[in-house]
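**Student:** What follows is input31.csv; its format and atoms are CSV, C-alpha atoms and all ligand atoms.
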chain,number,residue,atom,x,y,z
A,9,MET,CA,19.1,0.8,19.9
A,10,GLU,CA,19.6,3.0,22.9
A,11,GLU,CA,17.6,6.2,22.9
A,12,ASN,CA,19.5,9.3,22.0
A,13,GLN,CA,22.4,7.3,20.7
A,14,VAL,CA,24.4,9.4,18.3
A,15,ILE,CA,24.7,7.7,14.9
A,16,SER,CA,27.7,8.8,12.8
A,17,MET,CA,26.9,9.5,9.2
A,18,PRO,CA,30.0,9.7,7.0
A,19,ARG,CA,29.8,12.5,4.4
A,20,ILE,CA,31.0,13.0,0.9
A,21,GLY,CA,34.6,14.0,1.0
A,22,ASP,CA,35.3,12.2,4.3
A,23,LYS,CA,37.9,9.4,4.5
A,24,ALA,CA,36.1,6.1,4.5
A,25,PRO,CA,35.8,4.9,8.2
A,26,GLU,CA,38.3,2.0,8.8
A,27,PHE,CA,37.3,-1.4,10.0
A,28,LYS,CA,38.4,-5.1,9.9
A,29,ALA,CA,35.7,-7.6,9.3
A,30,MET,CA,35.1,-11.2,8.4
A,31,THR,CA,33.5,-11.8,5.0
A,32,THR,CA,32.5,-14.7,2.8
A,33,GLN,CA,35.9,-14.3,1.1
A,34,GLY,CA,38.0,-14.1,4.3
A,35,GLU,CA,39.0,-11.2,6.4
A,36,ILE,CA,39.2,-7.7,5.0
A,37,ASN,CA,41.0,-4.6,6.2
A,38,PHE,CA,38.9,-1.7,4.9
A,39,PRO,CA,39.6,0.5,3.0
A,40,HIS,CA,43.3,-0.3,3.0
A,41,ASP,CA,42.9,-3.6,1.1
A,42,TYR,CA,41.3,-1.5,-1.7
A,43,LYS,CA,43.9,1.2,-2.1
A,44,GLY,CA,44.3,2.0,-5.7
A,45,ASN,CA,40.8,0.8,-6.7
A,46,TRP,CA,37.4,2.3,-6.6
A,47,VAL,CA,35.2,0.4,-4.3
A,48,ILE,CA,31.4,0.3,-3.8
A,49,LEU,CA,30.5,-0.6,-0.2
A,50,PHE,CA,26.8,-1.4,-0.1
A,51,SER,CA,24.5,-2.7,2.6
A,52,HIS,CA,21.3,-4.7,2.4
A,53,PRO,CA,18.7,-5.4,5.1
A,54,ALA,CA,18.9,-9.1,5.6
A,55,ASP,CA,19.9,-12.5,4.0
A,56,PHE,CA,17.1,-14.7,2.6
A,57,THR,CA,14.9,-11.8,1.6
A,58,PRO,CA,13.5,-11.4,-1.9
A,59,VAL,CA,14.5,-7.8,-2.8
A,60,CYS,CA,18.0,-8.4,-1.6
A,61,THR,CA,18.2,-11.6,-3.5
A,62,SER,CA,17.3,-9.8,-6.8
A,63,GLU,CA,19.9,-7.2,-6.0
A,64,PHE,CA,22.7,-9.6,-5.3
A,65,MET,CA,22.0,-11.5,-8.5
A,66,THR,CA,22.0,-8.3,-10.5
A,67,PHE,CA,25.2,-7.0,-8.9
A,68,ALA,CA,27.0,-10.4,-9.2
A,69,SER,CA,26.0,-10.5,-12.9
A,70,MET,CA,27.5,-7.1,-13.4
A,71,GLU,CA,30.6,-7.6,-11.3
A,72,GLN,CA,33.0,-8.0,-14.2
A,73,LYS,CA,31.7,-4.8,-15.8
A,74,PHE,CA,32.4,-2.9,-12.5
A,75,ASN,CA,35.8,-4.6,-12.1
A,76,GLU,CA,36.8,-3.6,-15.6
A,77,ALA,CA,36.1,0.0,-14.5
A,78,ASN,CA,38.6,-0.5,-11.7
A,79,CYS,CA,35.9,-1.0,-9.1
A,80,LYS,CA,35.5,-3.7,-6.5
A,81,LEU,CA,32.2,-4.6,-4.8
A,82,VAL,CA,31.8,-5.2,-1.1
A,83,GLY,CA,28.4,-6.1,0.5
A,84,LEU,CA,27.2,-6.0,4.1
A,85,SER,CA,24.3,-7.1,6.1
A,86,VAL,CA,23.5,-7.5,9.8
A,87,ASP,CA,23.7,-11.3,9.6
A,88,GLY,CA,26.3,-13.9,10.5
A,89,LEU,CA,28.8,-15.6,8.2
A,90,TYR,CA,27.0,-19.0,8.1
A,91,SER,CA,23.7,-17.3,7.1
A,92,HIS,CA,25.6,-15.4,4.3
A,93,ILE,CA,27.1,-18.7,3.1
A,94,ALA,CA,23.8,-20.5,3.2
A,95,TRP,CA,22.0,-17.7,1.4
A,96,LEU,CA,24.6,-17.3,-1.4
A,97,ARG,CA,24.5,-21.1,-1.9
A,98,THR,CA,20.7,-21.0,-2.2
A,99,ILE,CA,20.9,-18.2,-4.7
A,100,LYS,CA,23.3,-20.2,-6.9
A,101,GLU,CA,21.4,-23.5,-6.6
A,102,LYS,CA,17.7,-22.4,-6.7
A,103,ILE,CA,16.9,-18.8,-7.7
A,104,GLU,CA,16.2,-17.6,-11.2
A,105,TYR,CA,15.4,-14.0,-11.8
A,106,LYS,CA,15.1,-12.0,-15.0
A,107,GLY,CA,17.0,-14.7,-17.0
A,108,MET,CA,19.8,-14.9,-14.4
A,109,LYS,CA,20.4,-18.3,-12.9
A,110,ASP,CA,23.3,-20.3,-11.4
A,111,VAL,CA,24.6,-16.9,-10.2
A,112,GLU,CA,27.7,-17.2,-8.0
A,113,VAL,CA,28.4,-14.2,-5.7
A,114,THR,CA,32.2,-13.9,-5.6
A,115,PHE,CA,32.6,-10.5,-4.1
A,116,PRO,CA,32.9,-10.3,-0.2
A,117,LEU,CA,29.8,-10.1,1.9
A,118,ILE,CA,30.7,-8.7,5.4
A,119,GLU,CA,29.2,-10.4,8.5
A,120,ASP,CA,28.1,-7.6,10.8
A,121,ILE,CA,25.9,-9.2,13.4
A,122,THR,CA,27.2,-6.6,16.0
A,123,MET,CA,26.2,-3.8,13.6
A,124,ASP,CA,29.7,-2.2,14.3
A,125,VAL,CA,30.4,-1.5,10.7
A,126,ALA,CA,26.8,-0.6,9.8
A,127,LYS,CA,26.7,2.0,12.6
A,128,LYS,CA,30.1,3.5,11.5
A,129,TYR,CA,28.6,4.1,8.1
A,130,GLY,CA,25.2,5.3,9.1
A,131,MET,CA,23.5,2.3,7.6
A,132,ILE,CA,21.2,1.8,10.6
A,133,GLN,CA,18.5,4.4,10.3
A,134,PRO,CA,16.1,3.7,13.2
A,135,GLY,CA,13.1,5.4,11.6
A,136,GLU,CA,13.3,2.6,9.0
A,137,SER,CA,14.6,-0.2,11.2
A,138,ASP,CA,16.9,-0.4,14.2
A,139,THR,CA,18.0,-4.0,13.5
A,140,LYS,CA,18.3,-4.0,9.7
A,141,ALA,CA,20.6,-1.9,7.5
A,142,VAL,CA,19.0,0.3,4.9
A,143,ARG,CA,20.2,0.0,1.3
A,144,ALA,CA,23.2,2.3,1.4
A,145,VAL,CA,25.7,2.7,-1.4
A,146,PHE,CA,29.1,4.3,-0.7
A,147,PHE,CA,31.4,5.0,-3.7
A,148,ILE,CA,35.0,5.2,-2.4
A,149,ASP,CA,37.8,6.4,-4.6
A,150,PRO,CA,41.3,4.9,-4.9
A,151,ASN,CA,42.6,7.2,-2.1
A,152,GLY,CA,39.9,6.0,0.3
A,153,VAL,CA,37.7,9.1,0.1
A,154,ILE,CA,33.9,8.8,0.0
A,155,ARG,CA,32.8,10.4,-3.3
A,156,THR,CA,29.0,9.6,-3.5
A,157,ILE,CA,26.5,8.2,-1.0
A,158,ILE,CA,23.0,6.9,-2.0
A,159,TYR,CA,20.5,5.6,0.4
A,160,TYR,CA,17.3,3.6,-0.5
A,161,PRO,CA,14.7,2.3,1.9
A,162,LEU,CA,14.1,-1.4,2.7
A,163,SER,CA,11.3,-1.8,0.2
A,164,LEU,CA,13.1,-0.3,-2.9
A,165,GLY,CA,15.6,-2.3,-4.9
A,166,ARG,CA,18.4,-0.3,-6.4
A,167,ASN,CA,19.0,0.5,-10.0
A,168,PHE,CA,22.4,-1.0,-10.9
A,169,ASP,CA,22.6,0.7,-14.3
A,170,GLU,CA,22.5,4.0,-12.3
A,171,LEU,CA,25.2,2.8,-9.9
A,172,TYR,CA,27.4,2.0,-13.0
A,173,ARG,CA,26.6,5.4,-14.5
A,174,VAL,CA,27.6,7.1,-11.2
A,175,LEU,CA,30.9,5.3,-11.2
A,176,ILE,CA,31.7,6.2,-14.8
A,177,ALA,CA,30.6,9.9,-14.2
A,178,LEU,CA,32.9,10.2,-11.1
A,179,GLN,CA,35.9,8.9,-13.0
A,180,THR,CA,35.1,11.1,-16.0
A,181,ALA,CA,35.0,14.2,-13.8
A,182,ASP,CA,38.4,13.2,-12.3
A,183,GLU,CA,40.1,12.2,-15.5
A,184,PHE,CA,38.8,15.1,-17.7
A,185,GLY,CA,38.3,17.9,-15.2
A,186,VAL,CA,34.7,18.4,-16.1
A,187,ALA,CA,31.2,18.0,-14.6
A,188,THR,CA,28.4,15.9,-15.9
A,189,PRO,CA,24.9,17.3,-16.4
A,190,ALA,CA,21.5,15.8,-15.6
A,191,ASP,CA,21.1,12.3,-16.9
A,192,TRP,CA,24.6,12.3,-18.5
A,193,ARG,CA,25.8,9.2,-20.1
A,194,PRO,CA,29.2,8.6,-21.8
A,195,GLY,CA,29.1,10.3,-25.2
A,196,ASP,CA,26.9,13.2,-24.0
A,197,ASP,CA,28.3,16.7,-23.8
A,198,VAL,CA,30.0,17.6,-20.5
A,199,ILE,CA,30.0,20.8,-18.5
A,200,VAL,CA,33.3,22.8,-18.4
A,201,PRO,CA,34.1,24.5,-15.1
A,202,PRO,CA,32.7,28.0,-14.8
A,203,ALA,CA,34.8,30.9,-16.0
A,204,GLY,CA,37.1,32.0,-13.2
A,205,SER,CA,37.6,35.6,-14.3
A,206,CYS,CA,35.7,38.4,-16.1
A,207,GLY,CA,38.3,38.0,-18.9
A,208,SER,CA,37.7,34.3,-19.5
A,209,ALA,CA,33.9,34.9,-19.2
A,210,LYS,CA,34.2,37.5,-22.0
A,211,ASP,CA,36.5,35.2,-24.1
A,212,ARG,CA,34.0,32.4,-23.8
A,213,MET,CA,31.1,34.6,-24.9
A,214,ASP,CA,33.2,36.0,-27.8
A,215,GLY,CA,33.6,32.4,-29.0
A,216,LYS,CA,37.4,32.3,-28.4
A,217,GLU,CA,37.2,28.9,-26.7
A,218,ALA,CA,36.7,26.9,-29.9
A,219,ASP,CA,35.8,23.6,-28.4
A,220,MET,CA,33.1,25.0,-26.1
A,221,LYS,CA,29.5,25.9,-26.7
A,222,CYS,CA,28.5,28.6,-24.3
A,223,TYR,CA,24.8,29.4,-23.7
A,224,ASP,CA,25.8,32.0,-21.2
A,225,TRP,CA,29.2,32.8,-19.6
A,226,PHE,CA,28.6,30.3,-16.7
A,227,PHE,CA,27.0,27.5,-18.7
A,228,CYS,CA,29.4,26.1,-21.3
A,229,THR,CA,29.6,22.5,-22.6
A,230,LYS,CA,32.0,20.6,-24.7
A,231,LYS,CA,31.9,17.3,-26.6
A,232,LEU,CA,33.6,14.3,-25.0
A,233,ASP,CA,33.6,11.2,-27.1
A,234,LYS,CA,32.3,8.0,-25.5
A,235,ASP,CA,35.3,6.0,-26.8
A,236,GLU,CA,37.7,8.5,-25.2
A,237,VAL,CA,35.9,8.2,-21.9
A,238,MET,CA,35.7,4.5,-21.8
A,239,LYS,CA,39.3,4.0,-23.1
A,240,LYS,CA,40.6,6.0,-20.2
A,241,ILE,CA,38.5,4.3,-17.6
A,242,LEU,CA,38.6,0.8,-18.8
A,243,LYS,CA,42.4,0.7,-19.5
A,244,LYS,CA,43.5,1.3,-15.9
B,1,LIG,C1,13.8,-7.7,0.9
B,1,LIG,O1,15.0,-7.6,0.6
B,1,LIG,O2,12.9,-8.3,0.3
B,1,LIG,C2,13.3,-6.9,2.1
B,1,LIG,C3,14.1,-6.8,3.2
B,1,LIG,C4,13.7,-6.1,4.3
B,1,LIG,C5,12.4,-5.5,4.3
B,1,LIG,C6,11.6,-5.6,3.2
B,1,LIG,C7,12.1,-6.3,2.0
Can you dump the structure from the file as structure tokens?
Ligand code: BEZ
**Tutor:**
Amino acid sequence: MEENQVISMPRIGDKAPEFKAMTTQGEINFPHDYKGNWVILFSHPADFTPVCTSEFMTFASMEQKFNEANCKLVGLSVDGLYSHIAWLRTIKEKIEYKGMKDVEVTFPLIEDITMDVAKKYGMIQPGESDTKAVRAVFFIDPNGVIRTIIYYPLSLGRNFDELYRVLIALQTADEFGVATPADWRPGDDVIVPPAGSCGSAKDRMDGKEADMKCYDWFFCTKKLDKDEVMKKILKK
């Protein structure tokens, strides 16, 4: 990569950068083809590498769960289409990992040999590698807005339960107008937005908000039933 080249890094709240690309499932026009869905766009360093293989098998095994939460998966690496096809065929035919075998990857895997898409998304981080994408994860909402970004280095495989937890937490925040505290999982109490006036701060501390538990005026939680959360998210 040229010295002093400016690498754009999309931020949370930005519109997802647009691109057209060839994938293992045909051409995609991103993010337009995904309007109305959540989408997780994730990069991995290279085909035919072991950590990436374990990740693809895990994500493919969980794809239905993500789809049921109105979320599509799209992968990318700085490799060509034929390499992608050969690698996905090898995964299905030969690789067994943590009880997963015969795994078919049916979500699109973008070919990005030119690194055009990877550079648009800040997936090339030269301190780590200037030819391989880091393990980036972009959560993009149904309006095409980036809502969460997580980066991992080359050596560290992602935790896919955490990625699912993030997806459900983002949708819970949107659907119920709440925030989710540390380590939140569906069924745990949620955080209600801070009091917006001295009057409502007093009401909260006087116990006038029956469904809230206030530890102080700025820190109030309420119960949110797991079934209620999942019914709302999974029904869409
Ligand atoms: C892997 O996926 O195994 C891997 C890829 C690039 C660097 C190190 C590990």
**Student:** If you count all atoms listed in the file, which residues fall within 10 Å of Met131 in chain A, apart from same-chain ones fewer than 4 positions away, as a list of chain:residue names?
**Tutor:**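 These residues fall inside the cut-off: A:Ile15, A:Ser16, A:Met17, A:Pro18, A:Phe50, A:Ser51, A:His52, A:Pro53, A:Leu84, A:Ser85, A:Met123, A:Val125, A:Ala126, A:Lys127, A:Ser137, A:Asp138, A:Lys140, A:Ala141, A:Val142, A:Arg143, A:Ala144, A:Val145, A:Tyr159.
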**Student:** Could you build a table of the residues in chain A lying no more than 7 Å from ligand LIG 1 (chain B), giving for each the nearest pair of atoms and their separation in Å rounded to one decimal place, using all atoms listed in the file, ordered by chain and ascending residue number, as a Markdown table?
**Tutor:**
| residue | atom | partner | partner_atom | distance |
| --- | --- | --- | --- | --- |
| A:Pro53 | CA | B:LIG1 | C4 | 5.1 |
| A:Ala54 | CA | B:LIG1 | C3 | 5.8 |
| A:Thr57 | CA | B:LIG1 | O2 | 4.2 |
| A:Pro58 | CA | B:LIG1 | O2 | 3.8 |
| A:Val59 | CA | B:LIG1 | O1 | 3.4 |
| A:Cys60 | CA | B:LIG1 | O1 | 3.8 |
| A:Thr61 | CA | B:LIG1 | O1 | 6.6 |
| A:Leu162 | CA | B:LIG1 | C5 | 4.7 |
| A:Ser163 | CA | B:LIG1 | C6 | 4.9 |
**Student:** Write a file of the selected residues as a short mmCIF file (atom, residue, chain, number, x, y, z; two decimals), in the coordinates of the input, keeping C-alpha atoms.
**Tutor:**
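Output saved as out_6.cif:
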data_model
loop_
_atom_site.label_atom_id
_atom_site.label_comp_id
_atom_site.auth_asym_id
_atom_site.auth_seq_id
_atom_site.Cartn_x
_atom_site.Cartn_y
_atom_site.Cartn_z
CA PRO A 53 18.70 -5.40 5.10
CA ALA A 54 18.90 -9.10 5.60
CA THR A 57 14.90 -11.80 1.60
CA PRO A 58 13.50 -11.40 -1.90
CA VAL A 59 14.50 -7.80 -2.80
CA CYS A 60 18.00 -8.40 -1.60
CA THR A 61 18.20 -11.60 -3.50
CA LEU A 162 14.10 -1.40 2.70
CA SER A 163 11.30 -1.80 0.20
#
**Student:** So, counting all atoms listed in the file, which residue among A:Glu26, A:Ala209, A:Ser62, A:Ser91 is closest to Val111 in chain A?
**Tutor:**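 Of the candidates, the smallest distance to Val111 in chain A is held by A:Ser62.
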**Student:** Can you tell me which residues surround Met65 in chain A at a distance of at most 8 Å, considering all atoms listed in the file, apart from same-chain residues fewer than 6 positions away, and format the answer as a short mmCIF file (atom, residue, chain, number, x, y, z; two decimals) with C-alpha atoms, keeping the file's coordinate frame?
**Tutor:**
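File produced: selection-v6.cif:
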data_model
loop_
_atom_site.label_atom_id
_atom_site.label_comp_id
_atom_site.auth_asym_id
_atom_site.auth_seq_id
_atom_site.Cartn_x
_atom_site.Cartn_y
_atom_site.Cartn_z
CA ILE A 99 20.90 -18.20 -4.70
CA TYR A 105 15.40 -14.00 -11.80
CA MET A 108 19.80 -14.90 -14.40
CA VAL A 111 24.60 -16.90 -10.20
CA VAL A 113 28.40 -14.20 -5.70
#
**Student:** Would you kindly return, as a list in words, each protein, DNA or RNA residue with an atom no farther than 12 Å from any atom of Ser69 in chain A, considering all atoms listed in the file and excluding same-chain residues fewer than 5 positions away?
**Tutor:**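 In the requested format, the answer is Ser62, Glu63, Phe64, Phe74, Asn75, Leu81, Lys100, Tyr105, Lys106, Gly107, Met108, Lys109, Asp110, Val111, Glu112, Val113, Thr114, Phe115, Phe168 and Asp169 of chain A.
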